[in-house]
Amino acid sequence: MRRVDEQLSGDIRELRQRLIVELQGGLNVSQRALAHRLGVAVGTVNRLLGEMVEAGYVEVFNRDVRPFAYKVTDNGRRYERRLGLEQYSWALSSLRRLEQRIRAALSELQRQGVKRVVFYGAGDVMEATYRVASEVGLEVVGVVDDDTTKQGLRKGELTVRPPSGINELEPDAVLITTLRHAEEIEVKIDASLRSSVEVREL
């Protein structure tokens with residue numbers, strides 16, 4: 001029995017775990033239906049099923065019936081539990097790495113004499129950054145976001161504002177607290193801010 005590669009990315013680990021959970025329903029289900037439920041291509045499901053059948057985690061229960069009925073083996077159930085623990089460990093490790101990155105960026109701003117900072121981006125990364133800011137001696141004077149559905153929401157003691165309000169907050173620096181589109185945001189706001197305001201990415 002070939003052992004499935006243990007060096008998995010978090011995304012693949014999560015996908016395999018979700019696939020096994022789907023198969024434990026014990027129903028005949030097409031690969032197309034599985035792909036739809038998991039939000040991936042049919043070819044991806046076909047490849048993952050092939051790997052897990054070869055590894056002994058999944059069996060084809062009845063090849064005379066279409067779509068096939070897949071059965072998760074005892075080894076497969078143990079594998080699913082192990083994937084869950086590995087996924088938790090991977091997520092925790094990723095969170096620690098992100099917090100280290102955040103702390104390093106905020107500490108660098110503080111060393112440069114920055115006292116007042118505005119966060120650009122009001123998602124999960126911003127919330128993690130907000131918690132660290134006071135620990136390193138920075139005052140978060142505002143949070144802005146392009147997403148109009150987030151504008152007006154409360155984040156800690158602050159209300160999310162549109163980016164047009166950055167100058168009114170008189171920050172020493174703007175920290176982009178999103179990992180997506182950071183370069184685009186930096187170009188956009190750099191042109192509209194007074195030159196004394198530092199614009200930084202995490």
# chains A, B, ... in the order shown; residues from 1 in each chain; ligands from 1
call {"tool": "residues_around", "arguments": {"residues": "stretch 126-128 of chain A", "least_positions_apart": "6", "cutoff": "7 Å", "atoms": "only C-alpha atoms", "output": "ChimeraX atom specification"}}
result
/A:119,177-178
call {"tool": "write_last_selection", "arguments": {"atoms": "all heavy atoms", "output": "PDB file, in the first residue's frame"}}
result
ATOM      1  N   PHE A 119      -4.742  52.036   9.711  1.00  0.00           N
ATOM      2  CA  PHE A 119      -4.726  50.737   9.047  1.00  0.00           C
ATOM      3  C   PHE A 119      -5.600  50.808   7.804  1.00  0.00           C
ATOM      4  O   PHE A 119      -6.753  51.256   7.862  1.00  0.00           O
ATOM      5  CB  PHE A 119      -5.258  49.637   9.968  1.00  0.00           C
ATOM      6  CG  PHE A 119      -4.354  49.305  11.113  1.00  0.00           C
ATOM      7  CD1 PHE A 119      -4.852  48.672  12.240  1.00  0.00           C
ATOM      8  CD2 PHE A 119      -3.000  49.600  11.080  1.00  0.00           C
ATOM      9  CE1 PHE A 119      -4.029  48.351  13.303  1.00  0.00           C
ATOM     10  CE2 PHE A 119      -2.162  49.291  12.136  1.00  0.00           C
ATOM     11  CZ  PHE A 119      -2.676  48.660  13.251  1.00  0.00           C
ATOM     12  N   THR A 177      -3.063  46.704   5.895  1.00  0.00           N
ATOM     13  CA  THR A 177      -3.337  45.511   6.705  1.00  0.00           C
ATOM     14  C   THR A 177      -4.188  44.508   5.942  1.00  0.00           C
ATOM     15  O   THR A 177      -5.186  43.981   6.457  1.00  0.00           O
ATOM     16  CB  THR A 177      -4.014  45.908   8.033  1.00  0.00           C
ATOM     17  OG1 THR A 177      -5.118  46.771   7.740  1.00  0.00           O
ATOM     18  CG2 THR A 177      -3.045  46.598   8.955  1.00  0.00           C
ATOM     19  N   THR A 178      -3.800  44.264   4.713  1.00  0.00           N
ATOM     20  CA  THR A 178      -4.390  43.203   3.914  1.00  0.00           C
ATOM     21  C   THR A 178      -3.264  42.591   3.106  1.00  0.00           C
ATOM     22  O   THR A 178      -2.330  43.299   2.717  1.00  0.00           O
ATOM     23  CB  THR A 178      -5.515  43.718   2.993  1.00  0.00           C
ATOM     24  OG1 THR A 178      -6.006  42.629   2.201  1.00  0.00           O
ATOM     25  CG2 THR A 178      -5.029  44.830   2.077  1.00  0.00           C
TER      26      THR A 178
END
call {"tool": "residues_around", "arguments": {"residues": "stretch 32-42 of chain A", "least_positions_apart": "4", "cutoff": "9 Å", "atoms": "only C-alpha atoms", "output": "number ranges by chain"}}
result
A: 15, 18-19, 22-23, 46-47
call {"tool": "atom_distance", "arguments": {"atom1": "atom CA of A:Thr73", "atom2": "atom CA of A:Val58"}}
result
5.6 Å
call {"tool": "residues_around", "arguments": {"residues": "A:Tyr130", "least_positions_apart": "4", "cutoff": "9 Å", "atoms": "only C-alpha atoms", "output": "count of residues only"}}
result
7
